[in-house]
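With CSV, C-alpha atoms inside, this is model.csv:
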chain,number,residue,atom,x,y,z
A,6,PRO,CA,18.8,4.4,2.5
A,7,ASP,CA,18.0,5.6,-1.0
A,8,PRO,CA,17.5,8.5,-1.0
A,9,PRO,CA,19.4,9.4,2.1
A,10,GLU,CA,17.3,10.5,5.0
A,11,ASP,CA,17.9,14.2,4.6
A,12,HIS,CA,17.1,14.0,0.9
A,13,PHE,CA,13.8,12.2,1.6
A,14,GLU,CA,12.9,14.9,4.2
A,15,ALA,CA,13.7,17.6,1.6
A,16,GLN,CA,11.4,15.8,-0.9
A,17,VAL,CA,8.6,15.8,1.7
A,18,ALA,CA,9.2,19.5,2.4
A,19,GLU,CA,8.9,20.3,-1.3
A,20,ALA,CA,5.7,18.2,-1.6
A,21,LEU,CA,4.3,20.1,1.4
A,22,ALA,CA,5.1,23.4,-0.3
A,23,ALA,CA,3.1,22.3,-3.4
A,24,ILE,CA,0.2,21.3,-1.2
A,25,GLY,CA,0.4,24.6,0.6
A,26,ARG,CA,0.2,26.4,-2.8
A,27,GLY,CA,-3.0,24.5,-3.5
A,28,GLU,CA,-1.5,22.5,-6.4
A,29,LEU,CA,-2.7,19.2,-5.0
A,30,ARG,CA,-4.3,17.7,-1.8
A,31,LYS,CA,-2.1,14.7,-1.3
A,32,VAL,CA,0.9,12.9,-2.8
A,33,VAL,CA,2.5,9.6,-1.8
A,34,LEU,CA,6.3,9.6,-1.8
A,35,ALA,CA,8.3,6.3,-1.7
A,36,ARG,CA,11.8,5.5,-0.6
A,37,ARG,CA,14.1,2.5,-0.7
A,38,VAL,CA,16.6,0.8,1.6
A,39,ARG,CA,19.3,-1.3,-0.2
A,40,LEU,CA,20.9,-4.2,1.6
A,41,GLY,CA,23.8,-6.5,0.6
A,42,LEU,CA,23.5,-9.9,2.2
A,43,SER,CA,26.3,-12.5,2.5
A,44,SER,CA,24.2,-14.9,0.4
A,45,PRO,CA,20.8,-15.0,-1.4
A,46,PRO,CA,18.0,-15.4,1.1
A,47,PRO,CA,16.0,-18.7,0.7
A,48,LEU,CA,12.8,-17.7,-1.0
A,49,ALA,CA,10.6,-20.2,0.8
A,50,SER,CA,12.0,-19.1,4.1
A,51,VAL,CA,11.3,-15.4,3.3
A,52,LEU,CA,7.7,-16.2,2.3
A,53,ARG,CA,7.1,-18.2,5.5
A,54,GLN,CA,8.4,-15.3,7.6
A,55,LEU,CA,6.2,-12.9,5.7
A,56,HIS,CA,3.1,-15.1,6.4
A,57,ARG,CA,4.1,-15.3,10.0
A,58,ALA,CA,4.4,-11.5,10.2
A,59,GLU,CA,1.0,-10.8,8.5
A,60,PRO,CA,-1.2,-13.9,8.3
A,61,SER,CA,-4.2,-11.8,7.2
A,62,SER,CA,-2.3,-10.2,4.3
A,63,THR,CA,-1.7,-11.7,0.9
A,64,VAL,CA,1.9,-13.0,0.6
A,65,PHE,CA,3.2,-13.0,-2.9
A,66,ALA,CA,6.3,-13.8,-5.0
A,67,TRP,CA,6.7,-12.9,-8.6
A,68,GLY,CA,9.8,-13.5,-10.7
A,69,ARG,CA,12.1,-16.3,-11.7
A,70,ARG,CA,15.5,-17.8,-10.9
A,71,THR,CA,17.3,-15.4,-8.6
A,72,SER,CA,15.1,-12.3,-9.2
A,73,TRP,CA,12.0,-12.0,-7.2
A,74,PHE,CA,9.5,-9.3,-6.1
A,75,VAL,CA,8.0,-10.4,-2.8
A,76,GLY,CA,5.9,-8.9,-0.1
A,77,ALA,CA,2.9,-9.2,2.3
A,78,THR,CA,0.3,-6.8,1.0
A,79,PRO,CA,-2.9,-6.0,3.0
A,80,GLU,CA,-4.6,-4.0,0.2
A,81,LEU,CA,-7.0,-5.5,-2.4
A,82,VAL,CA,-7.2,-3.2,-5.4
A,83,VAL,CA,-10.0,-5.1,-7.2
A,84,ALA,CA,-11.3,-8.6,-7.7
A,85,ARG,CA,-13.9,-10.1,-10.0
A,86,ALA,CA,-15.8,-13.4,-9.6
A,87,GLY,CA,-18.5,-13.7,-12.2
A,88,ARG,CA,-20.6,-10.6,-11.9
A,89,GLN,CA,-19.3,-9.8,-8.4
A,90,VAL,CA,-16.7,-7.0,-8.0
A,91,LEU,CA,-14.8,-6.3,-4.8
A,92,ALA,CA,-12.3,-3.7,-3.6
A,93,ALA,CA,-10.9,-3.1,-0.2
A,94,PRO,CA,-8.9,0.2,0.0
A,95,LEU,CA,-6.8,1.2,3.0
A,96,ALA,CA,-6.0,4.8,4.0
A,97,GLY,CA,-5.5,6.4,7.3
A,98,THR,CA,-3.0,4.8,9.6
A,99,ALA,CA,-1.8,4.7,13.3
A,100,ARG,CA,1.1,2.8,14.7
A,101,ARG,CA,-0.1,-0.4,16.5
A,102,PRO,CA,0.8,-0.3,20.3
A,103,ALA,CA,4.0,-2.3,21.0
A,104,ALA,CA,2.6,-3.9,24.2
A,105,PRO,CA,0.1,-6.8,23.7
A,106,ASP,CA,-2.7,-4.8,25.5
A,107,PRO,CA,-6.2,-5.2,24.0
A,108,SER,CA,-7.4,-2.0,25.6
A,109,ALA,CA,-4.5,0.0,24.1
A,110,LEU,CA,-5.2,-1.5,20.7
A,111,ALA,CA,-8.9,-0.6,21.1
A,112,THR,CA,-8.0,2.9,22.1
A,113,THR,CA,-5.7,3.3,19.0
A,114,ALA,CA,-8.5,2.0,16.7
A,115,ALA,CA,-11.1,4.3,18.2
A,116,ALA,CA,-8.7,7.3,17.9
A,117,LEU,CA,-8.1,6.5,14.3
A,118,LEU,CA,-11.8,6.2,13.6
A,119,GLY,CA,-12.5,9.4,15.4
A,120,SER,CA,-9.8,11.5,13.6
A,121,PRO,CA,-11.4,13.9,11.1
A,122,LYS,CA,-8.1,14.1,9.2
A,123,GLU,CA,-7.6,10.4,8.9
A,124,ARG,CA,-11.3,9.9,7.9
A,125,ALA,CA,-11.0,12.6,5.3
A,126,GLU,CA,-7.9,10.9,3.8
A,127,HIS,CA,-9.7,7.6,3.8
A,128,GLN,CA,-12.8,9.0,2.2
A,129,ALA,CA,-10.8,10.5,-0.7
A,130,VAL,CA,-9.5,7.0,-1.6
A,131,VAL,CA,-12.9,5.4,-1.3
A,132,GLU,CA,-14.6,8.0,-3.3
A,133,ALA,CA,-12.1,7.7,-6.2
A,134,ILE,CA,-12.5,3.9,-6.3
A,135,ALA,CA,-16.3,4.1,-6.0
A,136,GLN,CA,-16.5,6.6,-8.9
A,137,ALA,CA,-14.3,4.4,-11.1
A,138,LEU,CA,-16.3,1.2,-10.3
A,139,ALA,CA,-19.7,2.8,-10.6
A,140,ARG,CA,-19.0,3.2,-14.4
A,141,HIS,CA,-19.0,-0.6,-14.6
A,142,CYS,CA,-21.3,-1.6,-11.8
A,143,PRO,CA,-24.9,-0.5,-11.9
A,144,ARG,CA,-25.2,-1.7,-8.3
A,145,LEU,CA,-22.4,-0.7,-5.8
A,146,VAL,CA,-22.5,-1.0,-2.1
A,147,VAL,CA,-20.2,1.4,-0.2
A,148,PRO,CA,-20.3,1.3,3.6
A,149,GLU,CA,-20.9,4.7,5.3
A,150,ALA,CA,-18.0,4.3,7.7
A,151,PRO,CA,-14.6,2.4,7.5
A,152,SER,CA,-13.5,-0.3,9.9
A,153,PRO,CA,-10.1,-0.7,11.6
A,154,VAL,CA,-7.7,-3.2,10.0
A,155,VAL,CA,-5.2,-4.4,12.5
A,156,LEU,CA,-1.8,-5.5,11.2
A,157,ARG,CA,1.5,-6.5,13.0
A,158,HIS,CA,3.0,-3.0,13.0
A,159,VAL,CA,0.1,-0.6,12.1
A,160,VAL,CA,-3.7,-0.1,12.2
A,161,HIS,CA,-5.4,1.1,9.0
A,162,LEU,CA,-8.8,2.3,8.1
A,163,GLY,CA,-10.4,0.0,5.6
A,164,THR,CA,-13.6,-0.1,3.6
A,165,ARG,CA,-15.0,-3.1,1.6
A,166,LEU,CA,-16.8,-2.1,-1.6
A,167,GLU,CA,-18.9,-4.6,-3.3
A,168,GLY,CA,-20.5,-4.2,-6.7
A,169,TRP,CA,-22.2,-6.2,-9.4
A,170,LEU,CA,-21.7,-6.0,-13.1
A,171,PRO,CA,-24.7,-5.8,-15.5
A,172,ASN,CA,-26.6,-9.0,-16.3
A,173,ARG,CA,-25.1,-9.5,-19.7
A,174,PRO,CA,-23.2,-12.3,-21.5
A,175,PRO,CA,-19.8,-12.9,-20.0
A,176,GLU,CA,-18.0,-11.8,-23.2
A,177,ALA,CA,-19.8,-8.4,-22.9
A,178,LEU,CA,-18.6,-7.8,-19.3
A,179,PRO,CA,-15.3,-6.0,-18.3
A,180,ASP,CA,-12.7,-8.5,-17.1
A,181,ALA,CA,-10.5,-8.1,-14.0
A,182,LEU,CA,-7.9,-6.3,-16.1
A,183,ASP,CA,-10.4,-3.8,-17.3
A,184,LEU,CA,-11.5,-3.1,-13.7
A,185,LEU,CA,-7.9,-2.8,-12.6
A,186,ALA,CA,-7.2,-0.3,-15.4
A,187,ALA,CA,-10.2,1.8,-14.1
A,188,VAL,CA,-9.0,2.1,-10.5
A,189,HIS,CA,-5.2,2.0,-10.5
A,190,PRO,CA,-3.2,3.9,-9.4
A,191,THR,CA,-5.4,4.7,-6.4
A,192,PRO,CA,-4.9,7.8,-4.2
A,193,ALA,CA,-3.3,5.4,-1.6
A,194,VAL,CA,-0.2,5.1,-3.8
A,195,ALA,CA,-0.4,8.2,-6.0
A,196,GLY,CA,-2.3,11.1,-4.5
A,197,VAL,CA,-5.1,13.5,-5.2
A,198,PRO,CA,-5.7,14.6,-8.0
A,199,THR,CA,-4.1,11.6,-9.5
A,200,GLU,CA,-2.4,13.1,-12.6
A,201,LEU,CA,-1.0,16.0,-10.7
A,202,ALA,CA,0.3,13.7,-7.9
A,203,LEU,CA,2.0,11.4,-10.4
A,204,GLY,CA,3.7,14.4,-11.9
A,205,VAL,CA,5.1,15.4,-8.4
A,206,VAL,CA,6.1,11.8,-7.8
A,207,GLY,CA,8.0,11.7,-11.1
A,208,ARG,CA,9.7,15.0,-10.3
A,209,LEU,CA,10.6,14.3,-6.6
A,210,GLU,CA,11.3,10.6,-6.3
A,211,ALA,CA,14.8,9.4,-6.9
A,212,GLY,CA,14.7,6.8,-9.6
A,213,SER,CA,11.9,4.4,-10.6
A,214,ARG,CA,9.7,2.5,-8.2
A,215,GLY,CA,10.1,-0.6,-10.3
A,216,PRO,CA,7.3,-3.0,-9.3
A,217,TYR,CA,6.7,-1.3,-5.9
A,218,ALA,CA,3.0,-0.2,-5.6
A,219,GLY,CA,2.1,-1.8,-8.9
A,220,PRO,CA,-0.7,-4.4,-9.1
A,221,VAL,CA,0.2,-8.0,-8.3
A,222,GLY,CA,-2.3,-10.8,-9.1
A,223,TRP,CA,-3.9,-13.0,-11.7
A,224,VAL,CA,-6.7,-13.2,-14.3
A,225,ASP,CA,-8.1,-16.3,-15.8
A,226,ALA,CA,-9.7,-17.2,-19.2
A,227,LYS,CA,-13.2,-16.3,-17.9
A,228,GLY,CA,-12.1,-12.8,-16.9
A,229,ASP,CA,-12.2,-13.4,-13.2
A,230,GLY,CA,-9.2,-12.4,-11.1
A,231,GLN,CA,-7.7,-10.6,-8.1
A,232,PHE,CA,-5.1,-7.8,-8.0
A,233,TRP,CA,-3.4,-6.5,-4.9
A,234,LEU,CA,-1.2,-3.5,-4.3
A,235,GLY,CA,2.5,-4.4,-4.3
A,236,ILE,CA,3.2,-2.7,-1.1
A,237,ARG,CA,5.1,-3.9,2.1
A,238,SER,CA,7.4,-5.4,-0.4
A,239,MET,CA,11.0,-5.8,-1.6
A,240,VAL,CA,13.0,-7.0,-4.6
A,241,LEU,CA,15.5,-9.8,-4.2
A,242,GLU,CA,18.3,-10.0,-6.7
A,243,GLY,CA,20.6,-12.7,-5.5
A,244,PRO,CA,22.2,-11.4,-2.3
A,245,GLU,CA,21.1,-7.8,-3.1
A,246,VAL,CA,17.8,-6.6,-1.6
A,247,VAL,CA,15.8,-3.4,-2.2
A,248,ALA,CA,12.9,-2.8,0.3
A,249,PHE,CA,10.3,-0.1,-0.4
A,250,ALA,CA,7.9,2.0,1.7
A,251,GLY,CA,5.8,5.0,1.0
A,252,ALA,CA,4.1,7.8,3.0
A,253,GLY,CA,1.1,9.9,2.2
A,254,ILE,CA,2.0,13.6,2.4
A,255,VAL,CA,-0.9,15.9,3.2
A,256,ALA,CA,-1.3,19.3,4.9
A,257,GLY,CA,-0.1,18.8,8.5
A,258,SER,CA,2.6,16.2,7.6
A,259,THR,CA,6.1,16.8,8.8
A,260,PRO,CA,9.3,15.5,7.1
A,261,ARG,CA,10.6,13.7,10.2
A,262,ALA,CA,7.3,12.0,10.9
A,263,GLU,CA,7.0,10.8,7.3
A,264,LEU,CA,10.6,9.4,7.5
A,265,ALA,CA,9.7,7.5,10.6
A,266,GLU,CA,6.5,6.2,9.0
A,267,THR,CA,8.4,4.7,6.1
A,268,ALA,CA,10.7,2.9,8.6
A,269,ALA,CA,7.7,1.4,10.3
A,270,LYS,CA,6.2,0.2,7.0
A,271,LEU,CA,9.6,-1.3,6.0
A,272,ASP,CA,9.4,-3.5,9.0
A,273,THR,CA,6.9,-5.8,7.4
A,274,ALA,CA,9.1,-6.6,4.4
A,275,LEU,CA,12.3,-6.7,6.4
A,276,PHE,CA,10.7,-9.2,8.8
A,277,GLY,CA,10.9,-11.7,6.0
A,278,LEU,CA,14.7,-11.4,6.3
A,279,GLY,CA,14.7,-11.5,10.1
A,280,LEU,CA,15.6,-7.8,10.3
A,281,ARG,CA,14.1,-4.6,11.7
A,282,ALA,CA,14.2,-1.1,10.2
A,283,GLU,CA,15.3,0.3,13.5
A,284,ASP,CA,18.4,-2.0,13.6
A,285,LEU,CA,19.4,-0.9,10.1
A,286,LEU,CA,18.5,2.8,10.2
A,287,GLY,CA,18.9,3.7,13.8
A,288,ALA,CA,16.7,4.5,16.8
A,289,SER,CA,15.8,7.9,15.3
A,290,HIS,CA,13.4,6.1,13.0
A,291,GLY,CA,11.3,4.8,15.9
A,292,PRO,CA,7.6,5.4,16.6
A,293,ALA,CA,6.0,8.4,15.1
A,294,PRO,CA,2.5,9.4,14.0
A,295,MET,CA,1.4,7.5,10.9
A,296,ARG,CA,-0.3,8.9,7.9
A,297,ASP,CA,-1.4,6.6,5.1
A,298,SER,CA,-1.3,3.1,3.6
A,299,GLY,CA,1.3,3.3,0.9

Encoded form using structure tokens:
Amino acid sequence: PDPPEDHFEAQVAEALAAIGRGELRKVVLARRVRLGLSSPPPLASVLRQLHRAEPSSTVFAWGRRTSWFVGATPELVVARAGRQVLAAPLAGTARRPAAPDPSALATTAAALLGSPKERAEHQAVVEAIAQALARHCPRLVVPEAPSPVVLRHVVHLGTRLEGWLPNRPPEALPDALDLLAAVHPTPAVAGVPTELALGVVGRLEAGSRGPYAGPVGWVDAKGDGQFWLGIRSMVLEGPEVVAFAGAGIVAGSTPRAELAETAAKLDTALFGLGLRAEDLLGASHGPAPMRDSG
């Protein structure tokens, strides 16, 4: 673990103190787990495993030769297709029940939708993205309520925003990169207010995030494109692996619960290697209340 578990819990406690002083409402802190394998993992096998773990997510690999940033991200930052603009933020999280019981899953989703705290966290992300996109989209549709997004290990609250750019010549419209610059980093990976949260991240997190939580995607010559958050991800450097996970810290968070949350989120990336966070980090990182999508 990097930082060690007790250091990460201390970082969370310091962030909670800043929130308690009213300096900010939320901050997302990330941690890493470093692994040394006996040989470089086969990239194609890792990607197949990630797709098997999260078939509804976007599996990606970016890099060359023996250095790759890979993951299975569930979160669309922004996409443009002609005049149409889409965003699908996730925020608010519950651990998915371990047993394959549809009624338990329905209960979890209903509790998540009915939680004022989780709904408030989600709304903060949606409002930030909607405000940014509204500067470019004279027409923007934002659903009144989120929907549950079910993944292998967790359930998120998700909202699909759809907007339309002005009816102007293509060269006069913002391209996908312009739209990305308007919305990223979202409160799902930074915090609220954004600049203050980024300052706390820079002060508390040990080392750079590297590509983690950055945008991954493409843009073409017409300005169309798609960009996804580089979460549920890891960096492969030959036999060396660095897996990442983040947790949204808000009033009411606890250091131990946030530590367990990051372990649960690490499971998606580690599944690509045939591993589980619990096996690497110990049973103390088992189920705990979940907080956010980072």

- Distance query stretch 88-93 of chain A at most 6 Å, only C-alpha atoms, self and fewer than 5 positions along chain excluded, as a PyMOL selection string: chain A and resi 81-83+164-170

For C-alpha atoms, I'd like the residues from the last selection saved as a PDB file, in the coordinates of the input.
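The resulting file, result.pdb, is shown below:
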ATOM      1  CA  LEU A  81      -7.000  -5.500  -2.400  1.00  0.00           C
ATOM      2  CA  VAL A  82      -7.200  -3.200  -5.400  1.00  0.00           C
ATOM      3  CA  VAL A  83     -10.000  -5.100  -7.200  1.00  0.00           C
ATOM      4  CA  THR A 164     -13.600  -0.100   3.600  1.00  0.00           C
ATOM      5  CA  ARG A 165     -15.000  -3.100   1.600  1.00  0.00           C
ATOM      6  CA  LEU A 166     -16.800  -2.100  -1.600  1.00  0.00           C
ATOM      7  CA  GLU A 167     -18.900  -4.600  -3.300  1.00  0.00           C
ATOM      8  CA  GLY A 168     -20.500  -4.200  -6.700  1.00  0.00           C
ATOM      9  CA  TRP A 169     -22.200  -6.200  -9.400  1.00  0.00           C
ATOM     10  CA  LEU A 170     -21.700  -6.000 -13.100  1.00  0.00           C
TER      11      LEU A 170
END

- Item | Among the residues A:Val160, A:Ala77, A:Ala35, A:Ala18, the one that comes closest to A:Phe276 [using all atoms listed in the file] |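 Counting all atoms listed in the file, the residue closest to A:Phe276 is A:Ala77.
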
- In Å, rounded to a single decimal, give me how far atom CA of A:Arg57 is from atom CA of A:Pro105.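 Result for atom CA of A:Pro105 versus atom CA of A:Arg57: 16.6 Å, one decimal.
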
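Take atom CA of A:Ala186 and atom CA of A:Ala274: the distance between them is 26.4 Å.
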
- Message: For a test of reading the model, state the distance in Å between atom CA of A:Arg26 and atom CA of A:Val255, rounded to one decimal.
- Response: 12.1 Å

- Nearby residues (all atoms listed in the file) at most 12 Å from A:Arg53, same-chain spacing under 2 positions excluded, as a list in words: Pro47, Leu48, Ala49, Ser50, Val51, Leu55, His56, Arg57, Ala58, Glu59, Pro60, Thr63, Val64, Phe65, Ala66, Val75, Gly76, Ala77, Ala274, Phe276, Gly277, Leu278 and Gly279 of chain A

- Which is closer to A:Ala96 than all the others in A:Gly235, A:Pro45, A:Gly253, A:Pro244, using only C-alpha atoms?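 Closest to A:Ala96 of all the choices is A:Gly253.
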
Give me stretch 42-68 of chain A with N, CA, C and O atoms filled in, as a PDB file, in the frame of the given file.
ATOM      1  N   LEU A  42      23.445  -8.753   1.318  1.00  0.00           N
ATOM      2  CA  LEU A  42      23.500  -9.900   2.200  1.00  0.00           C
ATOM      3  C   LEU A  42      24.745 -10.748   1.876  1.00  0.00           C
ATOM      4  O   LEU A  42      25.307 -10.641   0.781  1.00  0.00           O
ATOM      5  N   SER A  43      25.115 -11.607   2.774  1.00  0.00           N
ATOM      6  CA  SER A  43      26.300 -12.500   2.500  1.00  0.00           C
ATOM      7  C   SER A  43      25.939 -13.565   1.505  1.00  0.00           C
ATOM      8  O   SER A  43      26.846 -14.110   0.864  1.00  0.00           O
ATOM      9  N   SER A  44      24.633 -13.897   1.367  1.00  0.00           N
ATOM     10  CA  SER A  44      24.200 -14.900   0.400  1.00  0.00           C
ATOM     11  C   SER A  44      22.747 -14.663   0.064  1.00  0.00           C
ATOM     12  O   SER A  44      22.039 -13.986   0.826  1.00  0.00           O
ATOM     13  N   PRO A  45      22.247 -15.178  -1.060  1.00  0.00           N
ATOM     14  CA  PRO A  45      20.800 -15.000  -1.400  1.00  0.00           C
ATOM     15  C   PRO A  45      19.925 -15.574  -0.335  1.00  0.00           C
ATOM     16  O   PRO A  45      20.148 -16.701   0.121  1.00  0.00           O
ATOM     17  N   PRO A  46      18.897 -14.856   0.090  1.00  0.00           N
ATOM     18  CA  PRO A  46      18.000 -15.400   1.100  1.00  0.00           C
ATOM     19  C   PRO A  46      17.121 -16.508   0.471  1.00  0.00           C
ATOM     20  O   PRO A  46      16.666 -16.373  -0.666  1.00  0.00           O
ATOM     21  N   PRO A  47      16.879 -17.606   1.180  1.00  0.00           N
ATOM     22  CA  PRO A  47      16.000 -18.700   0.700  1.00  0.00           C
ATOM     23  C   PRO A  47      14.588 -18.166   0.485  1.00  0.00           C
ATOM     24  O   PRO A  47      13.970 -17.707   1.450  1.00  0.00           O
ATOM     25  N   LEU A  48      14.072 -18.237  -0.733  1.00  0.00           N
ATOM     26  CA  LEU A  48      12.800 -17.700  -1.000  1.00  0.00           C
ATOM     27  C   LEU A  48      11.665 -18.260  -0.154  1.00  0.00           C
ATOM     28  O   LEU A  48      10.837 -17.531   0.397  1.00  0.00           O
ATOM     29  N   ALA A  49      11.649 -19.581  -0.021  1.00  0.00           N
ATOM     30  CA  ALA A  49      10.600 -20.200   0.800  1.00  0.00           C
ATOM     31  C   ALA A  49      10.626 -19.736   2.221  1.00  0.00           C
ATOM     32  O   ALA A  49       9.587 -19.507   2.841  1.00  0.00           O
ATOM     33  N   SER A  50      11.830 -19.546   2.770  1.00  0.00           N
ATOM     34  CA  SER A  50      12.000 -19.100   4.100  1.00  0.00           C
ATOM     35  C   SER A  50      11.438 -17.637   4.268  1.00  0.00           C
ATOM     36  O   SER A  50      10.755 -17.295   5.241  1.00  0.00           O
ATOM     37  N   VAL A  51      11.753 -16.804   3.285  1.00  0.00           N
ATOM     38  CA  VAL A  51      11.300 -15.400   3.300  1.00  0.00           C
ATOM     39  C   VAL A  51       9.745 -15.390   3.289  1.00  0.00           C
ATOM     40  O   VAL A  51       9.115 -14.645   4.048  1.00  0.00           O
ATOM     41  N   LEU A  52       9.132 -16.212   2.437  1.00  0.00           N
ATOM     42  CA  LEU A  52       7.700 -16.200   2.300  1.00  0.00           C
ATOM     43  C   LEU A  52       7.035 -16.740   3.622  1.00  0.00           C
ATOM     44  O   LEU A  52       5.993 -16.219   4.059  1.00  0.00           O
ATOM     45  N   ARG A  53       7.640 -17.753   4.245  1.00  0.00           N
ATOM     46  CA  ARG A  53       7.100 -18.200   5.500  1.00  0.00           C
ATOM     47  C   ARG A  53       7.174 -17.152   6.580  1.00  0.00           C
ATOM     48  O   ARG A  53       6.235 -16.967   7.373  1.00  0.00           O
ATOM     49  N   GLN A  54       8.282 -16.408   6.608  1.00  0.00           N
ATOM     50  CA  GLN A  54       8.400 -15.300   7.600  1.00  0.00           C
ATOM     51  C   GLN A  54       7.399 -14.227   7.338  1.00  0.00           C
ATOM     52  O   GLN A  54       6.831 -13.671   8.280  1.00  0.00           O
ATOM     53  N   LEU A  55       7.170 -13.886   6.065  1.00  0.00           N
ATOM     54  CA  LEU A  55       6.200 -12.900   5.700  1.00  0.00           C
ATOM     55  C   LEU A  55       4.787 -13.284   6.174  1.00  0.00           C
ATOM     56  O   LEU A  55       4.005 -12.492   6.703  1.00  0.00           O
ATOM     57  N   HIS A  56       4.461 -14.551   5.932  1.00  0.00           N
ATOM     58  CA  HIS A  56       3.100 -15.100   6.400  1.00  0.00           C
ATOM     59  C   HIS A  56       3.043 -15.042   7.881  1.00  0.00           C
ATOM     60  O   HIS A  56       1.974 -14.751   8.438  1.00  0.00           O
ATOM     61  N   ARG A  57       4.135 -15.361   8.544  1.00  0.00           N
ATOM     62  CA  ARG A  57       4.100 -15.300  10.000  1.00  0.00           C
ATOM     63  C   ARG A  57       3.919 -13.878  10.495  1.00  0.00           C
ATOM     64  O   ARG A  57       3.226 -13.653  11.489  1.00  0.00           O
ATOM     65  N   ALA A  58       4.512 -12.919   9.789  1.00  0.00           N
ATOM     66  CA  ALA A  58       4.400 -11.500  10.200  1.00  0.00           C
ATOM     67  C   ALA A  58       2.944 -11.023   9.983  1.00  0.00           C
ATOM     68  O   ALA A  58       2.388 -10.335  10.836  1.00  0.00           O
ATOM     69  N   GLU A  59       2.360 -11.350   8.826  1.00  0.00           N
ATOM     70  CA  GLU A  59       1.000 -10.800   8.500  1.00  0.00           C
ATOM     71  C   GLU A  59       0.153 -11.935   7.939  1.00  0.00           C
ATOM     72  O   GLU A  59      -0.088 -12.054   6.737  1.00  0.00           O
ATOM     73  N   PRO A  60      -0.360 -12.799   8.800  1.00  0.00           N
ATOM     74  CA  PRO A  60      -1.200 -13.900   8.300  1.00  0.00           C
ATOM     75  C   PRO A  60      -2.459 -13.511   7.645  1.00  0.00           C
ATOM     76  O   PRO A  60      -3.026 -14.293   6.872  1.00  0.00           O
ATOM     77  N   SER A  61      -2.953 -12.291   7.897  1.00  0.00           N
ATOM     78  CA  SER A  61      -4.200 -11.800   7.200  1.00  0.00           C
ATOM     79  C   SER A  61      -3.919 -11.128   5.924  1.00  0.00           C
ATOM     80  O   SER A  61      -4.868 -10.773   5.220  1.00  0.00           O
ATOM     81  N   SER A  62      -2.661 -10.905   5.585  1.00  0.00           N
ATOM     82  CA  SER A  62      -2.300 -10.200   4.300  1.00  0.00           C
ATOM     83  C   SER A  62      -2.090 -11.291   3.233  1.00  0.00           C
ATOM     84  O   SER A  62      -2.043 -12.490   3.494  1.00  0.00           O
ATOM     85  N   THR A  63      -1.957 -10.810   2.003  1.00  0.00           N
ATOM     86  CA  THR A  63      -1.700 -11.700   0.900  1.00  0.00           C
ATOM     87  C   THR A  63      -0.173 -11.692   0.626  1.00  0.00           C
ATOM     88  O   THR A  63       0.405 -10.672   0.254  1.00  0.00           O
ATOM     89  N   VAL A  64       0.457 -12.830   0.853  1.00  0.00           N
ATOM     90  CA  VAL A  64       1.900 -13.000   0.600  1.00  0.00           C
ATOM     91  C   VAL A  64       2.091 -13.384  -0.843  1.00  0.00           C
ATOM     92  O   VAL A  64       1.382 -14.246  -1.365  1.00  0.00           O
ATOM     93  N   PHE A  65       3.036 -12.734  -1.515  1.00  0.00           N
ATOM     94  CA  PHE A  65       3.200 -13.000  -2.900  1.00  0.00           C
ATOM     95  C   PHE A  65       4.710 -13.077  -3.270  1.00  0.00           C
ATOM     96  O   PHE A  65       5.564 -12.543  -2.572  1.00  0.00           O
ATOM     97  N   ALA A  66       4.986 -13.770  -4.363  1.00  0.00           N
ATOM     98  CA  ALA A  66       6.300 -13.800  -5.000  1.00  0.00           C
ATOM     99  C   ALA A  66       6.147 -13.875  -6.457  1.00  0.00           C
ATOM    100  O   ALA A  66       5.417 -14.727  -6.966  1.00  0.00           O
ATOM    101  N   TRP A  67       6.765 -12.964  -7.153  1.00  0.00           N
ATOM    102  CA  TRP A  67       6.700 -12.900  -8.600  1.00  0.00           C
ATOM    103  C   TRP A  67       8.074 -12.737  -9.167  1.00  0.00           C
ATOM    104  O   TRP A  67       8.826 -11.867  -8.743  1.00  0.00           O
ATOM    105  N   GLY A  68       8.439 -13.596 -10.100  1.00  0.00           N
ATOM    106  CA  GLY A  68       9.800 -13.500 -10.700  1.00  0.00           C
ATOM    107  C   GLY A  68      10.213 -14.853 -11.196  1.00  0.00           C
ATOM    108  O   GLY A  68       9.399 -15.751 -11.468  1.00  0.00           O
TER     109      GLY A  68
END
